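Raw coords-v9.pdb, PDB, C-alpha atoms:
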```pdb
ATOM      1  CA  MET D  19      -9.919 -12.157  40.532
ATOM      2  CA  PHE D  20     -10.232 -10.122  37.334
ATOM      3  CA  LYS D  21      -7.914  -7.380  36.313
ATOM      4  CA  GLU D  22      -9.608  -4.039  35.945
ATOM      5  CA  LEU D  23     -10.152  -2.810  32.399
ATOM      6  CA  ASP D  24      -7.880   0.106  31.502
ATOM      7  CA  PRO D  25     -10.090   3.194  32.115
ATOM      8  CA  ILE D  26      -8.240   5.142  29.413
ATOM      9  CA  LEU D  27      -9.267   2.589  26.803
ATOM     10  CA  HIS D  28     -12.666   1.686  28.222
ATOM     11  CA  SER D  29     -14.423   4.591  26.552
ATOM     12  CA  GLN D  30     -16.174   4.255  23.211
ATOM     13  CA  LEU D  31     -14.363   6.989  21.307
ATOM     14  CA  ARG D  32     -10.900   6.389  22.746
ATOM     15  CA  LEU D  33     -11.239   2.666  22.070
ATOM     16  CA  ALA D  34     -12.321   3.378  18.472
ATOM     17  CA  VAL D  35      -9.322   5.676  17.979
ATOM     18  CA  MET D  36      -6.934   3.065  19.361
ATOM     19  CA  SER D  37      -8.508   0.301  17.229
ATOM     20  CA  LEU D  38      -8.010   2.458  14.131
ATOM     21  CA  LEU D  39      -4.428   3.316  14.978
ATOM     22  CA  ILE D  40      -3.470  -0.274  15.742
ATOM     23  CA  SER D  41      -4.481  -1.192  12.166
ATOM     24  CA  VAL D  42      -2.580   1.527  10.307
ATOM     25  CA  LYS D  43       0.927   2.932  10.460
ATOM     26  CA  GLN D  44      -0.262   6.528  10.763
ATOM     27  CA  ALA D  45      -3.580   8.302  10.263
ATOM     28  CA  GLU D  46      -4.631  11.896   9.808
ATOM     29  CA  PHE D  47      -7.013  13.506  12.275
ATOM     30  CA  ILE D  48      -9.614  13.929   9.514
ATOM     31  CA  PHE D  49      -9.445  10.193   8.726
ATOM     32  CA  ILE D  50     -10.037   9.290  12.380
ATOM     33  CA  LYS D  51     -12.888  11.791  12.548
ATOM     34  CA  GLU D  52     -14.574  10.292   9.471
ATOM     35  CA  LYS D  53     -14.198   6.707  10.661
ATOM     36  CA  THR D  54     -15.407   7.352  14.211
ATOM     37  CA  ASN D  55     -18.173   9.847  13.301
ATOM     38  CA  ALA D  56     -16.975  11.992  16.191
ATOM     39  CA  THR D  57     -17.090  15.765  16.380
ATOM     40  CA  ALA D  58     -13.756  17.547  15.995
ATOM     41  CA  GLY D  59     -13.966  18.978  19.509
ATOM     42  CA  ASN D  60     -14.721  15.705  21.227
ATOM     43  CA  LEU D  61     -12.100  13.876  19.208
ATOM     44  CA  SER D  62      -9.448  16.481  20.077
ATOM     45  CA  VAL D  63     -10.146  16.017  23.787
ATOM     46  CA  GLN D  64      -9.922  12.214  23.567
ATOM     47  CA  VAL D  65      -6.795  12.309  21.391
ATOM     48  CA  GLN D  66      -5.181  14.590  23.972
ATOM     49  CA  LYS D  67      -6.038  12.110  26.766
ATOM     50  CA  LEU D  68      -4.491   9.246  24.796
ATOM     51  CA  LYS D  69      -1.430  11.366  24.142
ATOM     52  CA  GLU D  70      -1.074  12.248  27.829
ATOM     53  CA  ALA D  71      -1.279   8.541  28.687
ATOM     54  CA  GLY D  72       1.595   7.948  26.236
ATOM     55  CA  TYR D  73      -0.556   5.670  24.069
ATOM     56  CA  ILE D  74      -0.293   7.734  20.889
ATOM     57  CA  ASP D  75       2.010  10.275  19.288
ATOM     58  CA  VAL D  76       0.471  13.370  17.748
ATOM     59  CA  ILE D  77       2.389  14.736  14.782
ATOM     60  CA  LYS D  78       1.710  18.291  13.659
ATOM     61  CA  GLU D  79       3.089  19.285  10.266
ATOM     62  CA  PHE D  80       2.277  21.314   7.167
ATOM     63  CA  LYS D  81       0.727  19.651   4.151
ATOM     64  CA  ASP D  82       0.291  21.794   1.016
ATOM     65  CA  ASN D  83       0.744  24.920   3.179
ATOM     66  CA  TYR D  84      -2.018  23.897   5.595
ATOM     67  CA  PRO D  85      -1.505  22.575   9.133
ATOM     68  CA  ASN D  86      -2.158  18.872   9.343
ATOM     69  CA  THR D  87      -2.390  16.621  12.392
ATOM     70  CA  SER D  88      -1.625  12.913  12.280
ATOM     71  CA  CYS D  89      -1.660  10.274  14.995
ATOM     72  CA  LYS D  90       0.411   7.177  15.479
ATOM     73  CA  ILE D  91       0.168   4.484  18.145
ATOM     74  CA  THR D  92       3.183   4.083  20.461
ATOM     75  CA  LYS D  93       4.741   0.862  21.807
ATOM     76  CA  LYS D  94       3.135   1.625  25.170
ATOM     77  CA  GLY D  95      -0.201   2.037  23.383
ATOM     78  CA  ILE D  96       0.158  -1.304  21.605
ATOM     79  CA  ALA D  97       0.964  -3.047  24.897
ATOM     80  CA  ALA D  98      -2.012  -1.391  26.634
ATOM     81  CA  PHE D  99      -4.353  -2.287  23.763
ATOM     82  CA  GLU D 100      -3.210  -5.929  23.772
ATOM     83  CA  GLU D 101      -3.649  -6.116  27.532
ATOM     84  CA  TYR D 102      -7.125  -4.570  27.247
ATOM     85  CA  VAL D 103      -8.215  -7.154  24.630
ATOM     86  CA  LYS D 104      -6.766  -9.985  26.726
ATOM     87  CA  THR D 105      -8.685  -8.826  29.804
ATOM     88  CA  LEU D 106     -11.884  -8.492  27.752
ATOM     89  CA  GLN D 107     -11.500 -12.041  26.511
ATOM     90  CA  GLU D 108     -11.041 -13.300  30.085
ATOM     91  CA  TYR D 109     -14.279 -11.561  31.116
ATOM     92  CA  LEU D 110     -16.173 -13.045  28.182
ATOM     93  CA  GLN D 111     -14.855 -16.575  28.743
ATOM     94  CA  VAL D 112     -16.190 -16.554  32.299
ATOM     95  CA  LYS D 113     -19.543 -15.150  31.192
ATOM     96  CA  GLN D 114     -20.091 -17.960  28.669
ATOM     97  CA  PRO D 115     -21.761 -21.072  30.158
TER      98      PRO D 115
ATOM     99  CA  MET E  12     -20.107   9.273  19.189
ATOM    100  CA  GLU E  13     -20.687  10.112  22.850
ATOM    101  CA  GLN E  14     -17.679  10.820  24.975
ATOM    102  CA  GLN E  15     -18.647   8.970  28.145
ATOM    103  CA  LYS E  16     -20.759   6.112  26.819
ATOM    104  CA  GLU E  17     -20.254   3.021  28.955
ATOM    105  CA  LEU E  18     -19.446  -0.110  27.022
ATOM    106  CA  THR E  19     -20.155  -3.727  27.871
ATOM    107  CA  GLU E  20     -17.377  -6.252  27.174
ATOM    108  CA  GLU E  21     -19.249  -7.551  24.113
ATOM    109  CA  GLU E  22     -19.750  -4.038  22.749
ATOM    110  CA  SER E  23     -16.069  -3.287  23.226
ATOM    111  CA  LEU E  24     -14.993  -6.336  21.242
ATOM    112  CA  LYS E  25     -17.517  -5.588  18.493
ATOM    113  CA  LEU E  26     -16.308  -2.001  18.283
ATOM    114  CA  ILE E  27     -12.683  -3.145  18.034
ATOM    115  CA  SER E  28     -13.376  -5.679  15.252
ATOM    116  CA  ARG E  29     -15.580  -3.279  13.275
ATOM    117  CA  THR E  30     -13.049  -0.429  13.474
ATOM    118  CA  ILE E  31     -10.061  -2.614  12.575
ATOM    119  CA  TYR E  32     -12.004  -4.012   9.604
ATOM    120  CA  GLU E  33     -12.859  -0.497   8.381
ATOM    121  CA  ALA E  34      -9.318   0.807   8.806
ATOM    122  CA  LYS E  35      -7.809  -2.123   6.922
ATOM    123  CA  GLY E  36     -10.223  -1.538   4.054
ATOM    124  CA  TYR E  37      -8.917   1.980   3.502
ATOM    125  CA  PHE E  38      -7.734   2.382  -0.057
ATOM    126  CA  HIS E  39      -6.477   5.424  -1.949
ATOM    127  CA  GLU E  40      -4.756   4.644  -5.203
ATOM    128  CA  SER E  41      -5.781   6.261  -8.492
ATOM    129  CA  GLY E  42      -3.618   3.923 -10.582
ATOM    130  CA  VAL E  43      -2.306   6.853 -12.701
ATOM    131  CA  ALA E  44       1.333   6.297 -11.702
ATOM    132  CA  VAL E  45       1.018   2.586 -12.547
ATOM    133  CA  ILE E  46      -0.532   3.389 -15.953
ATOM    134  CA  ILE E  47       2.282   5.856 -16.809
ATOM    135  CA  TYR E  48       4.851   3.250 -15.805
ATOM    136  CA  GLY E  49       3.131   0.478 -17.802
ATOM    137  CA  PHE E  50       2.800   2.497 -21.012
ATOM    138  CA  SER E  51       6.429   3.639 -20.758
ATOM    139  CA  ILE E  52       7.725   0.068 -20.525
ATOM    140  CA  PHE E  53       5.377  -0.988 -23.321
ATOM    141  CA  ILE E  54       6.545   1.787 -25.685
ATOM    142  CA  CYS E  55      10.244   1.304 -24.814
ATOM    143  CA  SER E  56       9.922  -2.452 -25.414
ATOM    144  CA  ILE E  57       8.258  -2.009 -28.797
ATOM    145  CA  LEU E  58      10.839   0.610 -29.854
ATOM    146  CA  SER E  59      13.675  -1.705 -28.725
ATOM    147  CA  TYR E  60      12.151  -4.560 -30.705
ATOM    148  CA  LEU E  61      11.815  -2.413 -33.853
ATOM    149  CA  THR E  62      15.366  -1.075 -33.433
ATOM    150  CA  ASP E  63      16.922  -4.513 -32.896
ATOM    151  CA  LYS E  64      15.033  -5.863 -35.913
ATOM    152  CA  ALA E  65      16.409  -2.892 -37.899
ATOM    153  CA  ILE E  66      12.862  -1.852 -38.842
ATOM    154  CA  ILE E  67      13.525   1.631 -37.500
ATOM    155  CA  THR E  68      16.640   3.482 -36.440
ATOM    156  CA  PHE E  69      16.780   5.139 -33.086
ATOM    157  CA  PRO E  70      19.558   7.532 -31.987
ATOM    158  CA  PHE E  71      19.998   5.786 -28.626
ATOM    159  CA  GLN E  72      18.812   2.729 -26.692
ATOM    160  CA  PRO E  73      15.030   3.346 -26.344
ATOM    161  CA  PHE E  74      15.059   2.383 -22.658
ATOM    162  CA  TYR E  75      16.942   5.616 -21.930
ATOM    163  CA  LEU E  76      13.555   7.294 -22.546
ATOM    164  CA  PHE E  77      12.551   5.718 -19.286
ATOM    165  CA  ILE E  78      14.799   8.077 -17.282
ATOM    166  CA  PRO E  79      12.590  11.218 -17.646
ATOM    167  CA  VAL E  80       9.470   9.058 -17.308
ATOM    168  CA  PHE E  81      10.816   7.727 -14.019
ATOM    169  CA  PHE E  82      10.912  11.278 -12.627
ATOM    170  CA  VAL E  83       7.391  12.066 -13.884
ATOM    171  CA  GLN E  84       6.075   8.806 -12.421
ATOM    172  CA  SER E  85       7.841   9.481  -9.095
ATOM    173  CA  TYR E  86       6.322  12.997  -8.999
ATOM    174  CA  VAL E  87       2.808  11.597  -9.566
ATOM    175  CA  GLN E  88       3.449   8.925  -6.905
ATOM    176  CA  VAL E  89       4.610  11.472  -4.317
ATOM    177  CA  LYS E  90       1.544  13.664  -5.035
ATOM    178  CA  GLU E  91      -0.721  10.651  -4.516
ATOM    179  CA  GLU E  92       1.012   9.681  -1.284
ATOM    180  CA  LYS E  93       0.316  13.166   0.061
ATOM    181  CA  LYS E  94      -3.398  12.756  -0.620
ATOM    182  CA  LYS E  95      -3.603   9.635   1.531
ATOM    183  CA  LYS E  96      -5.303  10.215   4.859
ATOM    184  CA  ALA E  97      -3.807   7.093   6.377
ATOM    185  CA  LYS E  98      -0.879   4.876   5.632
ATOM    186  CA  THR E  99      -1.627   1.202   6.130
ATOM    187  CA  PHE E 100       0.976  -1.493   6.840
ATOM    188  CA  THR E 101      -0.054  -3.176   3.566
ATOM    189  CA  ASP E 102       0.746   0.021   1.602
ATOM    190  CA  GLU E 103       4.125   0.188   3.262
ATOM    191  CA  ALA E 104       4.955  -3.466   2.583
ATOM    192  CA  ILE E 105       3.948  -3.124  -1.098
ATOM    193  CA  ASP E 106       6.111   0.006  -1.422
ATOM    194  CA  PHE E 107       9.089  -1.956  -0.079
ATOM    195  CA  VAL E 108       8.436  -4.812  -2.529
ATOM    196  CA  TRP E 109       8.476  -2.464  -5.568
ATOM    197  CA  THR E 110      11.449  -0.471  -4.278
ATOM    198  CA  GLY E 111      13.320  -3.777  -4.030
ATOM    199  CA  PHE E 112      12.146  -4.619  -7.543
ATOM    200  CA  PHE E 113      13.443  -1.336  -9.020
ATOM    201  CA  ILE E 114      16.826  -1.702  -7.336
ATOM    202  CA  SER E 115      17.057  -5.300  -8.609
ATOM    203  CA  VAL E 116      16.181  -4.138 -12.141
ATOM    204  CA  LEU E 117      18.986  -1.564 -12.018
ATOM    205  CA  VAL E 118      21.379  -4.302 -10.907
ATOM    206  CA  ALA E 119      20.103  -6.591 -13.708
ATOM    207  CA  PHE E 120      20.866  -3.847 -16.220
ATOM    208  CA  THR E 121      24.583  -4.324 -15.538
ATOM    209  CA  ALA E 122      24.205  -7.413 -17.767
ATOM    210  CA  ILE E 123      23.820  -4.986 -20.693
ATOM    211  CA  PHE E 124      27.276  -3.569 -20.001
ATOM    212  CA  ALA E 125      28.594  -7.130 -19.867
ATOM    213  CA  GLY E 126      27.262  -7.568 -23.409
ATOM    214  CA  ILE E 127      24.538 -10.071 -22.505
ATOM    215  CA  HIS E 128      21.532  -7.801 -22.505
ATOM    216  CA  TYR E 129      18.778 -10.256 -23.494
ATOM    217  CA  ILE E 130      19.412 -12.288 -20.320
ATOM    218  CA  ALA E 131      18.767  -9.086 -18.328
ATOM    219  CA  ILE E 132      15.222  -9.042 -19.731
ATOM    220  CA  SER E 133      14.680 -12.650 -18.567
ATOM    221  CA  ILE E 134      15.853 -11.709 -15.074
ATOM    222  CA  ILE E 135      13.571  -8.654 -15.067
ATOM    223  CA  LEU E 136      10.616 -10.877 -16.020
ATOM    224  CA  ILE E 137      11.353 -13.223 -13.086
ATOM    225  CA  LEU E 138      11.646 -10.268 -10.689
ATOM    226  CA  ALA E 139       8.437  -8.690 -12.026
ATOM    227  CA  GLY E 140       6.638 -11.995 -11.422
ATOM    228  CA  LEU E 141       7.926 -12.088  -7.849
ATOM    229  CA  ALA E 142       6.945  -8.465  -7.135
ATOM    230  CA  ALA E 143       3.476  -9.024  -8.614
ATOM    231  CA  PHE E 144       3.035 -12.228  -6.597
ATOM    232  CA  LEU E 145       3.951 -10.520  -3.306
ATOM    233  CA  THR E 146       1.711  -7.550  -4.156
ATOM    234  CA  GLY E 147      -1.174  -9.901  -4.897
ATOM    235  CA  ILE E 148      -0.695 -11.808  -1.630
ATOM    236  CA  LEU E 149      -0.328  -8.650   0.493
ATOM    237  CA  SER E 150      -3.259  -6.800  -1.069
ATOM    238  CA  LYS E 151      -5.385  -9.949  -1.579
ATOM    239  CA  PHE E 152      -5.706  -8.904  -5.236
ATOM    240  CA  ARG E 153      -6.215 -12.190  -7.078
ATOM    241  CA  TYR E 154      -5.509 -10.652 -10.494
ATOM    242  CA  HIS E 155      -1.886  -9.999  -9.491
ATOM    243  CA  ILE E 156      -1.432 -13.534  -8.166
ATOM    244  CA  ILE E 157      -2.661 -15.036 -11.449
ATOM    245  CA  THR E 158      -0.600 -12.676 -13.631
ATOM    246  CA  SER E 159       2.517 -13.331 -11.558
ATOM    247  CA  PHE E 160       2.341 -17.001 -12.634
ATOM    248  CA  LEU E 161       1.855 -15.900 -16.263
ATOM    249  CA  CYS E 162       4.850 -13.624 -15.865
ATOM    250  CA  TRP E 163       6.988 -16.471 -14.537
ATOM    251  CA  LEU E 164       5.830 -18.644 -17.449
ATOM    252  CA  LEU E 165       6.890 -15.924 -19.914
ATOM    253  CA  ALA E 166      10.205 -15.640 -18.027
ATOM    254  CA  SER E 167      10.806 -19.375 -18.598
ATOM    255  CA  VAL E 168       9.908 -19.029 -22.279
ATOM    256  CA  SER E 169      12.233 -16.014 -22.557
ATOM    257  CA  PHE E 170      15.312 -18.180 -21.900
ATOM    258  CA  PHE E 171      14.606 -19.840 -25.261
ATOM    259  CA  ILE E 172      14.114 -16.488 -27.006
ATOM    260  CA  GLN E 173      17.399 -14.704 -26.480
ATOM    261  CA  ASN E 174      16.866 -12.338 -29.403
ATOM    262  CA  ALA E 175      14.906  -9.174 -30.248
ATOM    263  CA  ASN E 176      11.583 -11.000 -29.822
ATOM    264  CA  ILE E 177      12.177 -11.027 -26.055
ATOM    265  CA  TYR E 178      11.082  -7.352 -26.047
ATOM    266  CA  LEU E 179       7.633  -8.476 -27.149
ATOM    267  CA  LEU E 180       7.419 -10.615 -24.000
ATOM    268  CA  LEU E 181       8.375  -7.583 -21.929
ATOM    269  CA  ALA E 182       5.701  -5.518 -23.713
ATOM    270  CA  ALA E 183       3.135  -8.246 -22.920
ATOM    271  CA  VAL E 184       4.198  -8.182 -19.251
ATOM    272  CA  ALA E 185       3.825  -4.377 -19.205
ATOM    273  CA  VAL E 186       0.209  -4.790 -20.323
ATOM    274  CA  LEU E 187      -0.514  -7.617 -17.864
ATOM    275  CA  LEU E 188       1.290  -6.273 -14.814
ATOM    276  CA  TRP E 189       0.863  -2.512 -15.026
ATOM    277  CA  ILE E 190      -1.521  -1.244 -17.710
ATOM    278  CA  VAL E 191      -4.512  -3.545 -17.005
ATOM    279  CA  PRO E 192      -4.259  -3.372 -13.152
ATOM    280  CA  GLY E 193      -3.668   0.391 -13.464
ATOM    281  CA  PHE E 194      -6.997   0.800 -15.243
ATOM    282  CA  ILE E 195      -8.705  -1.560 -12.748
ATOM    283  CA  LEU E 196      -7.342   0.551  -9.853
ATOM    284  CA  ASN E 197      -8.442   3.728 -11.606
ATOM    285  CA  ALA E 198     -11.980   2.395 -12.138
ATOM    286  CA  VAL E 199     -12.256   1.313  -8.476
ATOM    287  CA  PHE E 200     -10.853   4.663  -7.347
ATOM    288  CA  LYS E 201     -13.337   6.672  -9.461
ATOM    289  CA  LYS E 202     -16.208   4.529  -8.195
ATOM    290  CA  GLN E 203     -15.055   5.092  -4.604
ATOM    291  CA  GLN E 204     -14.754   8.867  -5.141
ATOM    292  CA  HIS E 205     -18.281   9.115  -6.542
ATOM    293  CA  GLY E 206     -19.822   6.612  -4.134
TER     294      GLY E 206
END
```
Would you encode the structure as structure tokens?
Amino acid sequence: MFKELDPILHSQLRLAVMSLLISVKQAEFIFIKEKTNATAGNLSVQVQKLKEAGYIDVIKEFKDNYPNTSCKITKKGIAAFEEYVKTLQEYLQVKQP
Amino acid sequence: MEQQKELTEEESLKLISRTIYEAKGYFHESGVAVIIYGFSIFICSILSYLTDKAIITFPFQPFYLFIPVFFVQSYVQVKEEKKKKAKTFTDEAIDFVWTGFFISVLVAFTAIFAGIHYIAISIILILAGLAAFLTGILSKFRYHIITSFLCWLLASVSFFIQNANIYLLLAAVAVLLWIVPGFILNAVFKKQQHG
């Protein structure tokens, strides 16, 4: 019996955001937007969902007198991401002949 | 990127690998701070050599010139850090390596007060080799790995040159370890900005 894939992570944009954040210590919203080719509106919605799930922290601060948003993965987010990858690998192992 | 696009397991894994690869490749370093640092060490070394050889007279130990330069270099570094859109784990590890190096250099300078200042230069050369080696390994920058071995070789040679000539070795290390890589970084950075 397979475990179900985490529905929070099993979405293209949210998975891309989490994959980015697992590779860096912290990233600005603009960096995530550039790397994922997402629109600001869509990205904001998905970032909010990840934040509500406790997978990322959203840091709002001022940089050169302008508001700046950065994101950082949490311990819970790392655990969820690792679990997601593990489950994916289990699926793929069974699929292969 | 569509919000609700369904992914197959294969697509998910591909997306993860591609994104991680892209994020790890992020690089934002103009090399200006490194160039300032390199030229300062180079000039201080040459002035120290000329002073010790009594070719010129200098009102104080030339390395004291490094104090204001340190603040200028730190200011440039902080400005550059602010421009970064993401902080990678590699950046952080390299920062720790060089912070450790600077603290060790300050400790090594106590040898000067003990009246054995040429040995301090030998120690600094060993530490510079170590910092360059770790930087090269962490950033996968082969140039730094090769120059770290050259630096260690010069450090070994320096134990046999405990006189004013040791400053020439330090000047050579400044060129190898900071000035040349600084210009390489700057060229890559400019290319990236225009590309």
Handout entry: Check: which chain D residues lie within 7 Å of chain E using only C-alpha atoms, as a VMD selection string
Key = chain D and resid 29 to 31 34 37 to 38 41 to 46 49 55 to 56 60 106 110
Exercise for the section: Fewer than 4 positions away in the same chain doesn't count, so skip those; otherwise give me all residues within 10 Å of segment 38-54 of chain E, counting all atoms listed in the file, as number ranges by chain. Expected result: E: 34, 58-60, 73-74, 76-77, 80-81, 83-92, 94-99, 102, 178-201, 203-204
Exercise for the section: Decode the PyMOL selection byres ((chain D and resi 22) around 12) for the given file into explicit residues and return them as JSON, numbers by chain. Expected result: {"D": [19, 20, 21, 23, 24, 25, 26, 27, 28, 101, 102, 103, 104, 105, 106, 108, 109], "E": [20]}
Practice task
Between atom CA of Val108 of chain E and atom CA of Leu141 of chain E, measure the distance and give it in Å to one decimal.
Solution key: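 Separation between atom CA of Val108 of chain E and atom CA of Leu141 of chain E: 9.0 Å.
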Handout entry: From D:Ala58, D:Ala98, D:Leu39, D:Ile48, residue lying nearest Gly72 of chain D [only C-alpha atoms]
Key = D:Ala98
Practice task
Extract, using only C-alpha atoms, all DNA, RNA and protein residues at most 7 Å from segment 112-120 of chain E, discarding same-chain residues fewer than 5 positions from it, and format them as a list in words.
Solution key: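 Contacts, in chain order: Ala131, Ile134, Ile135, Leu138 and Ala142 of chain E.
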Exercise for the section: Tell me, in Å to one decimal, how far atom CA of Val35 of chain D is from atom CA of Ser88 of chain D. Expected result: 12.0 Å
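Across the structure, atom CA of His155 of chain E and atom CA of Ala143 of chain E are spaced 5.5 Å apart.
Distances here use all atoms listed in the file; by that measure, the residue among E:Ser150, E:Ser167, E:Thr62, E:Thr110 closest to Ile130 of chain E is E:Ser167.
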Exercise for the section: Using the chain letters and numbering of this document, enumerate as a PyMOL selection string the residues selected by the PyMOL selection byres ((chain E and resi 140) around 8). Expected result: chain E and resi 136-139+141-144+158-163
Those residues with C-alpha atoms, as a PDB file, in the frame of the given file please?
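That gives us result_37.pdb:
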```
ATOM      1  CA  LEU E 136      10.616 -10.877 -16.020  1.00  0.00           C
ATOM      2  CA  ILE E 137      11.353 -13.223 -13.086  1.00  0.00           C
ATOM      3  CA  LEU E 138      11.646 -10.268 -10.689  1.00  0.00           C
ATOM      4  CA  ALA E 139       8.437  -8.690 -12.026  1.00  0.00           C
ATOM      5  CA  LEU E 141       7.926 -12.088  -7.849  1.00  0.00           C
ATOM      6  CA  ALA E 142       6.945  -8.465  -7.135  1.00  0.00           C
ATOM      7  CA  ALA E 143       3.476  -9.024  -8.614  1.00  0.00           C
ATOM      8  CA  PHE E 144       3.035 -12.228  -6.597  1.00  0.00           C
ATOM      9  CA  THR E 158      -0.600 -12.676 -13.631  1.00  0.00           C
ATOM     10  CA  SER E 159       2.517 -13.331 -11.558  1.00  0.00           C
ATOM     11  CA  PHE E 160       2.341 -17.001 -12.634  1.00  0.00           C
ATOM     12  CA  LEU E 161       1.855 -15.900 -16.263  1.00  0.00           C
ATOM     13  CA  CYS E 162       4.850 -13.624 -15.865  1.00  0.00           C
ATOM     14  CA  TRP E 163       6.988 -16.471 -14.537  1.00  0.00           C
TER      15      TRP E 163
END
```
Practice task
Evaluate the PyMOL selection byres ((chain D and resi 65) around 9) here and jot the selected residues down as an MDAnalysis selection string.
Solution key: chainID D and resid 32 35 60:64 66:70 74 76 89
Go ahead and dump the residues you just picked, C-alpha atoms, as a compact mmCIF listing (two decimals), in the frame of the given file.
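The resulting file, out-v9.txt, is shown below:
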```txt
# COMPACT_ATOMS: atom_id res chain seq x y z
CA ARG D 32 -10.90 6.39 22.75
CA VAL D 35 -9.32 5.68 17.98
CA ASN D 60 -14.72 15.70 21.23
CA LEU D 61 -12.10 13.88 19.21
CA SER D 62 -9.45 16.48 20.08
CA VAL D 63 -10.15 16.02 23.79
CA GLN D 64 -9.92 12.21 23.57
CA GLN D 66 -5.18 14.59 23.97
CA LYS D 67 -6.04 12.11 26.77
CA LEU D 68 -4.49 9.25 24.80
CA LYS D 69 -1.43 11.37 24.14
CA GLU D 70 -1.07 12.25 27.83
CA ILE D 74 -0.29 7.73 20.89
CA VAL D 76 0.47 13.37 17.75
CA CYS D 89 -1.66 10.27 15.00
```
